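Okay, structure first, notes after.
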Amino acid sequence: DARMMTVRSLISQWPKPSMAEFARDMDVNWMQAHQWRLRNNIPAEYWPALVSQAKKRGVKGITLATLADAYAQRIRKPKSSSDRIARVG
């Protein structure tokens, strides 16, 4: 379900240790994969590789369409007051 997909939930579906395996599969270092998780964003240029690796790993529900839907929902979601940057003056 794209409404519930987050980068954290996606990575958690990878074999343990999930972050290390995910980074290896995506051909990035652990820190870059960790930053994606913290930002809840995987750059779109990595989506084809992500879909391919998910299929190889047996991770269900990861398609270009579900990634695009999840991204669209994330950017449409209004920011909460705690997410807003305070402006002075």
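Within each chain, counting starts at residue 1; across the structure tokens, chains are named A, B, ... in the order shown, with ligands numbered 1 upward in that order.
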
Just list the residues in chain A DSSP gives helix (DSSP H, G or I) on the backbone, as a PyMOL selection string.
chain A and resi 7-12+18-26+30-39+44-57+64-76

From the set A:Arg76, A:Ser9, A:Ala68, A:Lys16, which residue has the shortest atom-to-atom contact distance to Pro43 (chain A), counting only C-alpha atoms?
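Of A:Arg76, A:Ser9, A:Ala68, A:Lys16, the one nearest Pro43 (chain A) is A:Ala68, counting only C-alpha atoms.
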
Separation of CA of Thr6 (chain A) and CA of Asn40 (chain A), in Å?
6.2 Å

Just give me the gap between CA of Arg24 (chain A) and CA of Asp69 (chain A) in Å, one decimal is fine.
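Spanning CA of Arg24 (chain A) to CA of Asp69 (chain A) is a straight-line distance of 25.2 Å.
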